[in-house]
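Quick look at run.tsv (TSV, C-alpha atoms):
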```tsv
chain	number	residue	atom	x	y	z
A	85	MET	CA	-9.60	13.13	25.53
A	86	LYS	CA	-7.26	12.70	22.59
A	87	LYS	CA	-8.69	10.62	19.76
A	88	LYS	CA	-6.95	7.42	18.74
A	89	LYS	CA	-5.31	7.47	15.33
A	90	ILE	CA	-5.57	4.54	12.94
A	91	VAL	CA	-3.91	3.91	9.58
A	92	ILE	CA	-5.87	1.61	7.25
A	93	ALA	CA	-3.93	-0.04	4.41
A	94	LEU	CA	-6.14	-1.23	1.56
A	95	GLY	CA	-5.01	-4.17	-0.55
A	96	HIS	CA	-6.19	-5.31	-4.00
A	97	GLU	CA	-9.26	-7.02	-2.55
A	98	ALA	CA	-10.46	-3.77	-0.99
A	99	LEU	CA	-9.97	-1.84	-4.26
A	100	GLY	CA	-10.67	-4.12	-7.20
A	101	ARG	CA	-8.63	-4.39	-10.39
A	102	THR	CA	-10.67	-2.62	-13.09
A	103	LEU	CA	-12.35	0.79	-13.09
A	104	PRO	CA	-15.87	-0.62	-12.46
A	105	GLU	CA	-14.52	-2.99	-9.78
A	106	GLN	CA	-12.64	-0.13	-8.12
A	107	HIS	CA	-15.74	2.07	-8.09
A	108	ALA	CA	-17.82	-0.65	-6.43
A	109	ALA	CA	-15.03	-1.64	-4.04
A	110	ALA	CA	-14.52	1.96	-2.95
A	111	LYS	CA	-18.16	2.09	-1.83
A	112	ARG	CA	-17.73	-1.06	0.28
A	113	THR	CA	-14.47	0.17	1.75
A	114	ALA	CA	-16.08	3.51	2.60
A	115	LYS	CA	-18.54	1.74	4.89
A	116	ALA	CA	-15.73	0.16	6.94
A	117	VAL	CA	-13.85	3.47	7.09
A	118	ALA	CA	-17.00	5.28	8.21
A	119	ASP	CA	-17.43	2.73	11.02
A	120	PHE	CA	-14.04	3.70	12.45
A	121	ILE	CA	-14.87	7.39	12.14
A	122	ARG	CA	-18.19	6.79	13.90
A	123	GLU	CA	-16.18	5.18	16.73
A	124	ASP	CA	-14.27	8.49	16.94
A	125	TYR	CA	-10.97	7.44	15.40
A	126	GLN	CA	-8.80	9.79	13.36
A	127	VAL	CA	-8.41	7.85	10.11
A	128	VAL	CA	-5.57	7.92	7.59
A	129	ILE	CA	-5.85	5.62	4.57
A	130	THR	CA	-3.23	4.20	2.28
A	131	HIS	CA	-3.76	1.75	-0.56
A	132	SER	CA	-2.24	-0.59	-3.12
A	133	ASN	CA	-2.01	0.33	-6.79
A	134	GLY	CA	-0.53	-2.75	-8.49
A	135	PRO	CA	-3.17	-3.40	-11.15
A	136	GLN	CA	-3.85	0.32	-11.62
A	137	VAL	CA	-0.26	1.46	-12.09
A	138	GLY	CA	0.31	-1.50	-14.40
A	139	MET	CA	-2.65	-0.43	-16.52
A	140	ILE	CA	-1.37	3.15	-16.67
A	141	HIS	CA	2.16	2.06	-17.55
A	142	THR	CA	0.84	-0.23	-20.30
A	143	ALA	CA	-1.42	2.50	-21.72
A	144	MET	CA	1.35	5.10	-21.78
A	145	SER	CA	3.82	2.65	-23.34
A	146	GLU	CA	1.32	1.76	-26.06
A	147	PHE	CA	0.69	5.45	-26.71
A	148	CYS	CA	4.41	6.09	-27.17
A	149	GLN	CA	4.62	3.10	-29.52
A	150	HIS	CA	2.12	4.80	-31.83
A	151	HIS	CA	3.34	8.35	-31.19
A	152	PRO	CA	7.16	8.20	-30.93
A	153	GLU	CA	7.37	11.98	-30.85
A	154	TYR	CA	6.10	11.86	-27.25
A	155	THR	CA	8.46	11.16	-24.36
A	156	ALA	CA	8.02	7.85	-22.52
A	157	THR	CA	6.32	8.16	-19.13
A	158	PRO	CA	8.58	7.38	-16.13
A	159	THR	CA	7.45	4.85	-13.52
A	160	SER	CA	7.27	7.60	-10.88
A	161	VAL	CA	4.81	9.59	-13.00
A	162	CYS	CA	2.64	6.49	-13.53
A	163	SER	CA	2.61	6.06	-9.74
A	164	ALA	CA	1.50	9.67	-9.30
A	165	MET	CA	-1.33	9.15	-11.82
A	166	SER	CA	-2.54	6.07	-9.95
A	167	GLN	CA	-2.58	7.96	-6.64
A	168	GLY	CA	-4.76	10.61	-8.23
A	169	TYR	CA	-7.48	8.46	-9.71
A	170	ILE	CA	-7.64	5.92	-6.88
A	171	GLY	CA	-7.79	8.76	-4.36
A	172	TYR	CA	-10.54	10.39	-6.41
A	173	ASP	CA	-12.77	7.31	-6.14
A	174	LEU	CA	-11.98	6.72	-2.47
A	175	GLN	CA	-12.45	10.26	-1.23
A	176	ASN	CA	-15.77	10.65	-3.02
A	177	ALA	CA	-17.06	7.27	-1.78
A	178	ILE	CA	-16.03	8.04	1.81
A	179	ARG	CA	-17.48	11.55	1.64
A	180	THR	CA	-20.81	10.18	0.39
A	181	GLU	CA	-20.93	7.48	3.07
A	182	LEU	CA	-20.16	9.97	5.84
A	183	LEU	CA	-22.80	12.45	4.64
A	184	ASN	CA	-25.36	9.63	4.44
A	185	ARG	CA	-24.65	9.04	8.14
A	186	GLY	CA	-24.92	12.71	9.00
A	187	ILE	CA	-21.16	13.10	9.52
A	188	PHE	CA	-19.60	16.24	8.07
A	189	LYS	CA	-15.86	15.76	7.58
A	190	THR	CA	-13.44	16.73	4.82
A	191	VAL	CA	-11.75	13.88	2.94
A	192	SER	CA	-8.49	14.74	1.14
A	193	THR	CA	-6.00	12.90	-1.03
A	194	VAL	CA	-2.37	13.93	-0.66
A	195	LEU	CA	-0.08	13.19	-3.59
A	196	THR	CA	2.73	11.60	-1.60
A	197	GLN	CA	6.44	11.19	-2.33
A	198	VAL	CA	8.48	8.66	-0.38
A	199	VAL	CA	12.25	8.96	-0.12
A	200	VAL	CA	14.31	5.83	-0.82
A	201	ASP	CA	18.02	5.15	-0.44
A	202	PRO	CA	19.88	5.19	-3.80
A	203	TYR	CA	22.22	2.53	-2.37
A	204	ASP	CA	19.39	0.21	-1.30
A	205	GLU	CA	20.33	-3.36	-2.26
A	206	ALA	CA	16.99	-3.65	-4.07
A	207	PHE	CA	18.31	-1.45	-6.90
A	208	TYR	CA	20.89	-4.14	-7.67
A	209	HIS	CA	18.28	-6.92	-7.66
A	210	PRO	CA	15.02	-5.66	-9.27
A	211	THR	CA	12.08	-8.02	-8.76
A	212	LYS	CA	8.79	-6.20	-9.39
A	213	THR	CA	7.23	-6.72	-12.83
A	214	ILE	CA	5.41	-3.79	-14.39
A	215	GLY	CA	3.79	-2.83	-17.66
A	216	ARG	CA	2.82	-4.70	-20.78
A	217	LEU	CA	4.09	-7.91	-22.33
A	218	MET	CA	6.86	-7.31	-24.88
A	219	THR	CA	8.40	-9.20	-27.75
A	220	LYS	CA	12.05	-10.23	-27.62
A	221	GLU	CA	12.98	-7.32	-29.89
A	222	GLU	CA	11.12	-4.82	-27.69
A	223	ALA	CA	12.75	-6.29	-24.58
A	224	GLU	CA	16.20	-5.89	-26.12
A	225	GLU	CA	15.38	-2.26	-26.90
A	226	GLU	CA	14.36	-1.69	-23.27
A	227	GLU	CA	17.66	-3.17	-22.10
A	228	ARG	CA	19.57	-0.87	-24.46
A	229	LYS	CA	17.83	2.01	-22.67
A	230	GLY	CA	19.24	0.73	-19.37
A	231	ASN	CA	16.03	-0.88	-18.11
A	232	HIS	CA	15.80	-4.38	-16.62
A	233	VAL	CA	13.69	-7.06	-18.33
A	234	THR	CA	12.64	-10.56	-17.36
A	235	GLN	CA	11.22	-13.40	-19.45
A	236	THR	CA	7.81	-14.77	-18.46
A	237	ALA	CA	5.72	-17.65	-19.78
A	238	ASP	CA	3.98	-15.29	-22.21
A	239	GLY	CA	6.81	-13.00	-23.28
A	240	TYR	CA	8.96	-10.33	-21.66
A	241	ARG	CA	8.19	-7.66	-19.08
A	242	ARG	CA	10.09	-4.87	-17.38
A	243	ILE	CA	11.19	-5.34	-13.78
A	244	VAL	CA	12.03	-2.58	-11.31
A	245	ALA	CA	13.47	-2.39	-7.82
A	246	ALA	CA	11.41	-2.39	-4.60
A	247	PRO	CA	13.49	-0.32	-2.14
A	248	LYS	CA	12.47	0.27	1.47
A	249	PRO	CA	10.79	3.57	2.42
A	250	ILE	CA	13.04	5.94	4.37
A	251	ASP	CA	11.00	9.12	4.79
A	252	ILE	CA	7.71	10.65	3.64
A	253	VAL	CA	8.12	14.09	2.07
A	254	GLU	CA	4.58	15.33	2.76
A	255	ILE	CA	4.31	13.91	6.30
A	256	ASP	CA	3.81	17.36	7.90
A	257	ALA	CA	0.83	18.07	5.63
A	258	ILE	CA	-0.65	14.62	6.29
A	259	ARG	CA	-0.20	15.08	10.04
A	260	ALA	CA	-1.75	18.57	9.99
A	261	LEU	CA	-4.84	17.33	8.14
A	262	SER	CA	-5.19	14.33	10.44
A	263	ASP	CA	-4.75	16.42	13.59
A	264	ALA	CA	-7.48	18.70	12.23
A	265	ASP	CA	-9.73	15.60	12.33
A	266	GLN	CA	-9.95	15.28	8.56
A	267	VAL	CA	-9.81	11.95	6.72
A	268	VAL	CA	-6.58	11.66	4.74
A	269	ILE	CA	-5.64	9.36	1.86
A	270	ALA	CA	-1.87	9.23	1.43
A	271	CYS	CA	1.12	7.10	0.33
A	272	GLY	CA	-0.97	5.37	-2.33
A	273	GLY	CA	0.81	2.41	-3.89
A	274	GLY	CA	3.64	2.80	-1.40
A	275	GLY	CA	4.13	6.40	-2.45
A	276	ILE	CA	5.99	7.90	-5.40
A	277	PRO	CA	9.60	6.74	-4.94
A	278	VAL	CA	12.04	9.64	-5.03
A	279	LEU	CA	15.75	10.19	-4.46
A	280	ALA	CA	16.80	13.29	-2.49
A	281	GLN	CA	19.42	15.26	-4.42
A	282	ASN	CA	20.21	18.38	-2.38
A	283	HIS	CA	17.00	20.46	-2.65
A	284	ARG	CA	15.66	18.45	-5.59
A	285	LEU	CA	13.63	15.25	-5.58
A	286	GLN	CA	14.29	12.89	-8.48
A	287	GLY	CA	11.74	10.20	-9.34
A	288	ALA	CA	13.20	6.69	-9.05
A	289	SER	CA	12.51	3.80	-11.41
A	290	ALA	CA	11.09	1.65	-8.65
A	291	VAL	CA	7.99	0.69	-6.70
A	292	ILE	CA	7.79	0.70	-2.92
A	293	GLU	CA	6.21	-2.21	-1.06
A	294	LYS	CA	2.88	-0.74	0.02
A	295	ASP	CA	2.77	-2.52	3.40
A	296	LEU	CA	6.19	-1.20	4.40
A	297	ALA	CA	5.11	2.32	3.39
A	298	ALA	CA	1.91	1.93	5.42
A	299	GLY	CA	3.95	0.89	8.46
A	300	ARG	CA	6.31	3.83	8.02
A	301	LEU	CA	3.35	6.21	7.63
A	302	ALA	CA	1.74	4.87	10.82
A	303	GLU	CA	5.06	5.15	12.65
A	304	LEU	CA	5.72	8.76	11.61
A	305	LEU	CA	2.15	9.77	12.49
A	306	GLY	CA	2.39	8.15	15.92
A	307	ALA	CA	-0.69	6.05	15.15
A	308	ASP	CA	-2.19	3.73	17.74
A	309	MET	CA	-3.14	1.01	15.28
A	310	LEU	CA	-2.38	-0.18	11.77
A	311	VAL	CA	-5.07	-2.19	9.96
A	312	ILE	CA	-3.92	-4.09	6.86
A	313	LEU	CA	-6.78	-5.29	4.67
A	314	THR	CA	-5.71	-8.16	2.44
A	315	SER	CA	-7.08	-11.24	0.65
A	316	VAL	CA	-7.12	-13.60	3.67
A	317	ASP	CA	-9.12	-13.28	6.88
A	318	LYS	CA	-6.25	-14.33	9.16
A	319	VAL	CA	-2.49	-14.84	9.13
A	320	CYS	CA	-1.72	-18.54	8.73
A	321	LEU	CA	1.13	-20.90	9.50
A	322	GLY	CA	1.64	-23.51	6.79
A	323	PHE	CA	-0.50	-21.47	4.42
A	324	GLY	CA	-2.02	-23.57	1.63
A	325	THR	CA	-0.98	-26.88	3.18
A	326	PRO	CA	-3.06	-29.56	4.96
A	327	GLU	CA	-1.45	-28.35	8.22
A	328	GLU	CA	-2.60	-24.75	7.71
A	329	GLN	CA	-3.22	-23.03	11.06
A	330	LYS	CA	-5.07	-19.73	11.34
A	331	LEU	CA	-3.85	-17.36	14.03
A	332	ASP	CA	-6.11	-15.13	16.12
A	333	LYS	CA	-3.21	-13.46	17.93
A	334	LEU	CA	0.50	-13.13	17.36
A	335	SER	CA	3.17	-11.52	19.51
A	336	VAL	CA	5.85	-9.37	17.91
A	337	GLU	CA	8.48	-11.87	19.04
A	338	GLU	CA	6.57	-14.74	17.41
A	339	ALA	CA	6.12	-12.73	14.22
A	340	ARG	CA	9.86	-12.02	14.16
A	341	ARG	CA	10.70	-15.69	14.67
A	342	TYR	CA	8.28	-17.02	12.05
A	343	LEU	CA	9.53	-14.40	9.58
A	344	SER	CA	13.16	-15.44	10.08
A	345	GLU	CA	12.15	-19.09	9.60
A	346	GLY	CA	10.63	-18.28	6.20
A	347	GLU	CA	7.08	-19.06	7.32
A	348	PHE	CA	5.64	-16.09	5.40
A	349	GLU	CA	5.86	-15.76	1.62
A	350	GLN	CA	7.94	-12.94	0.18
A	351	GLY	CA	5.87	-10.33	-1.64
A	352	THR	CA	2.64	-11.26	0.16
A	353	MET	CA	2.55	-11.87	3.93
A	354	ALA	CA	6.26	-11.28	4.67
A	355	PRO	CA	6.19	-7.49	4.07
A	356	LYS	CA	3.06	-7.23	6.23
A	357	MET	CA	4.94	-8.92	9.06
A	358	GLU	CA	7.94	-6.64	8.52
A	359	ALA	CA	5.66	-3.59	8.65
A	360	ALA	CA	3.97	-4.83	11.83
A	361	ILE	CA	7.26	-5.53	13.61
A	362	SER	CA	8.74	-2.17	12.65
A	363	PHE	CA	5.62	-0.17	13.53
A	364	ILE	CA	4.98	-1.77	16.92
A	365	GLY	CA	8.63	-1.86	18.02
A	366	ASP	CA	8.85	-1.90	21.82
A	367	SER	CA	5.49	-0.19	22.31
A	368	ASN	CA	2.82	-1.78	24.50
A	369	GLU	CA	0.19	0.58	23.10
A	370	ARG	CA	0.53	-0.02	19.36
A	371	SER	CA	-1.08	-2.95	17.56
A	372	VAL	CA	-1.61	-4.29	14.05
A	373	LEU	CA	-4.68	-6.06	12.68
A	374	ILE	CA	-4.35	-8.10	9.48
A	375	THR	CA	-7.66	-9.21	8.03
A	376	LYS	CA	-10.00	-9.34	5.06
A	377	LEU	CA	-12.86	-6.92	4.52
A	378	ASN	CA	-16.22	-8.68	4.67
A	379	LYS	CA	-17.61	-8.04	1.18
A	380	GLU	CA	-21.20	-8.80	2.13
A	381	ASP	CA	-21.67	-6.15	4.80
A	382	ALA	CA	-18.32	-4.29	4.50
A	383	GLU	CA	-17.65	-4.58	8.21
A	384	LEU	CA	-14.68	-5.34	10.41
A	385	THR	CA	-16.27	-7.26	13.24
A	386	GLY	CA	-14.88	-8.30	16.62
A	387	GLY	CA	-12.69	-11.39	16.43
A	388	MET	CA	-11.86	-10.89	12.76
A	389	GLY	CA	-8.30	-11.15	11.58
A	390	THR	CA	-5.01	-11.63	13.38
A	391	LEU	CA	-4.09	-9.13	16.09
A	392	ILE	CA	-0.36	-8.48	16.55
A	393	LYS	CA	1.08	-6.77	19.60
A	394	ASN	CA	3.85	-7.15	22.14
A	395	GLU	CA	3.60	-9.93	24.70
A	396	GLY	CA	1.89	-8.60	27.83
A	397	ALA	CA	0.44	-5.53	26.06
A	398	VAL	CA	-3.09	-4.62	27.11
```

Whole structure given in structure tokens:
Amino acid sequence: MKKKKIVIALGHEALGRTLPEQHAAAKRTAKAVADFIREDYQVVITHSNGPQVGMIHTAMSEFCQHHPEYTATPTSVCSAMSQGYIGYDLQNAIRTELLNRGIFKTVSTVLTQVVVDPYDEAFYHPTKTIGRLMTKEEAEEEERKGNHVTQTADGYRRIVAAPKPIDIVEIDAIRALSDADQVVIACGGGGIPVLAQNHRLQGASAVIEKDLAAGRLAELLGADMLVILTSVDKVCLGFGTPEEQKLDKLSVEEARRYLSEGEFEQGTMAPKMEAAISFIGDSNERSVLITKLNKEDAELTGGMGTLIKNEGAV
């Protein structure tokens, strides 16, 4: 019997924000991943990288400030660096957890490039803040270089576009590893955004919404389920208000309607809904679970989270 395939998308809560937090969080996350593997799922993992890529971008910018003879590090390269060191922690934590349970399975991180459309509207309206705080003079210098800058309460920061993922360059390698029953970590941080220029891939000054990339990854792999681990245990209507209502189940049609009505906040729950709707499509077999990882016992238990699927699906 063919094994079911699951894509698990890890948010900030499942990874931590500093190196020590990430190391500890990776161990907790590994327990939940190992539970799925024990239940005989083929597991592919993707993850956020917001705090990590910001730290890398800040560090590299500071380095160039003190050593102007070095070339500034592009956003795409910072994304690649974050994939490497987050994947390093995750694959070692998962490997250890599996071996402790007597399960022998290779865990691999694939440095993943994700193709975006150069004419995506997002490039004309950058919204994602990255990197360190800057003075007004430094911000003006960034703008002279052609970069976008926004003013915050504390100073100035760079902003970049968040285009939608079109294709995953390394999808065949990811699929081959998964089909060989190996655990794969891919599309970290939404993937490294690239523009296809004939036979050449050019890194884009952008970040890809990680949830949309996770949905696209699950779709291209033909996964049965997408699990999005976030900071809340269930999807809510009226989030943060006295009328807040937690949802155990949600149909694709309901998700589409609530999304169009602006029920879900942009940049947080909205992209998760978009990913769920796109991944499930018309399928009665696919489903999406949005939930929070239990930090105490690192388990995903029955009844946790919000389950999204088509009306009438089994």

Expressed in Å, the length from atom CA of A:His96 to atom CA of A:Ser192 is 20.8 Å

Atom pair atom CA of A:Glu105 / atom CA of A:Ala143: separation (Å):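 Pair atom CA of A:Glu105 / atom CA of A:Ala143 returns 18.6 Å.
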
Between atom CA of A:Glu226 and atom CA of A:Arg242, distance in Å (one decimal) =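 Interatomic distance, atom CA of A:Glu226 to atom CA of A:Arg242: 7.9 Å.
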
| said: Please list as a list of chain:residue names every residue within 8 Å of stretch 276-280 of chain A, counting only C-alpha atoms and excluding residues in the same chain fewer than 5 positions away. | reply: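 Residues meeting the cut-off are A:Ser160, A:Val161, A:Ser163, A:Ala164, A:Thr196, A:Gln197, A:Val198, A:Val199, A:Val200, A:Asp201, A:Pro202, A:Cys271, A:Leu285, A:Gln286, A:Gly287, A:Ala288, A:Ser289, A:Ala290, A:Val291, A:Ile292.
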
Would you mind exporting C-alpha atoms of the selected residues as an mmCIF file, keeping the file's coordinate frame?
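Once written, part_16.cif looks like this:
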```cif
data_model
loop_
_atom_site.group_PDB
_atom_site.id
_atom_site.type_symbol
_atom_site.label_atom_id
_atom_site.label_comp_id
_atom_site.auth_asym_id
_atom_site.auth_seq_id
_atom_site.Cartn_x
_atom_site.Cartn_y
_atom_site.Cartn_z
ATOM 1 C CA SER A 160 7.270 7.600 -10.880
ATOM 2 C CA VAL A 161 4.810 9.590 -13.000
ATOM 3 C CA SER A 163 2.610 6.060 -9.740
ATOM 4 C CA ALA A 164 1.500 9.670 -9.300
ATOM 5 C CA THR A 196 2.730 11.600 -1.600
ATOM 6 C CA GLN A 197 6.440 11.190 -2.330
ATOM 7 C CA VAL A 198 8.480 8.660 -0.380
ATOM 8 C CA VAL A 199 12.250 8.960 -0.120
ATOM 9 C CA VAL A 200 14.310 5.830 -0.820
ATOM 10 C CA ASP A 201 18.020 5.150 -0.440
ATOM 11 C CA PRO A 202 19.880 5.190 -3.800
ATOM 12 C CA CYS A 271 1.120 7.100 0.330
ATOM 13 C CA LEU A 285 13.630 15.250 -5.580
ATOM 14 C CA GLN A 286 14.290 12.890 -8.480
ATOM 15 C CA GLY A 287 11.740 10.200 -9.340
ATOM 16 C CA ALA A 288 13.200 6.690 -9.050
ATOM 17 C CA SER A 289 12.510 3.800 -11.410
ATOM 18 C CA ALA A 290 11.090 1.650 -8.650
ATOM 19 C CA VAL A 291 7.990 0.690 -6.700
ATOM 20 C CA ILE A 292 7.790 0.700 -2.920
#
```

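Distances here use all atoms listed in the file; by that measure, the residue among A:Met309, A:Ala156, A:Ala298, A:Val127 closest to A:His141 is A:Ala156.
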
Can you tell me which residues surround A:Met165 at a distance of at most 12 Å, considering only C-alpha atoms, apart from same-chain residues fewer than 2 positions away, and format the answer as a list in words?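 Within the cut-off, the hits are Asn133, Gln136, Val137, Gly138, Met139, Ile140, His141, Ala143, Met144, Thr157, Pro158, Thr159, Ser160, Val161, Cys162, Ser163, Gln167, Gly168, Tyr169, Ile170, Gly171, Tyr172, Leu195, Thr196, Gly272, Gly273, Gly275 and Ile276 of chain A.
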
Counting only C-alpha atoms, what is within 8 Å of A:Pro355, bar same-chain residues fewer than 3 positions away, as a PDB file with C-alpha atoms, in the coordinates of the input?
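Full text of result24.pdb as output:
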```
ATOM      1  CA  GLU A 293       6.210  -2.210  -1.060  1.00  0.00           C
ATOM      2  CA  ASP A 295       2.770  -2.520   3.400  1.00  0.00           C
ATOM      3  CA  LEU A 296       6.190  -1.200   4.400  1.00  0.00           C
ATOM      4  CA  GLN A 350       7.940 -12.940   0.180  1.00  0.00           C
ATOM      5  CA  GLY A 351       5.870 -10.330  -1.640  1.00  0.00           C
ATOM      6  CA  THR A 352       2.640 -11.260   0.160  1.00  0.00           C
ATOM      7  CA  GLU A 358       7.940  -6.640   8.520  1.00  0.00           C
ATOM      8  CA  ALA A 359       5.660  -3.590   8.650  1.00  0.00           C
TER       9      ALA A 359
END
```
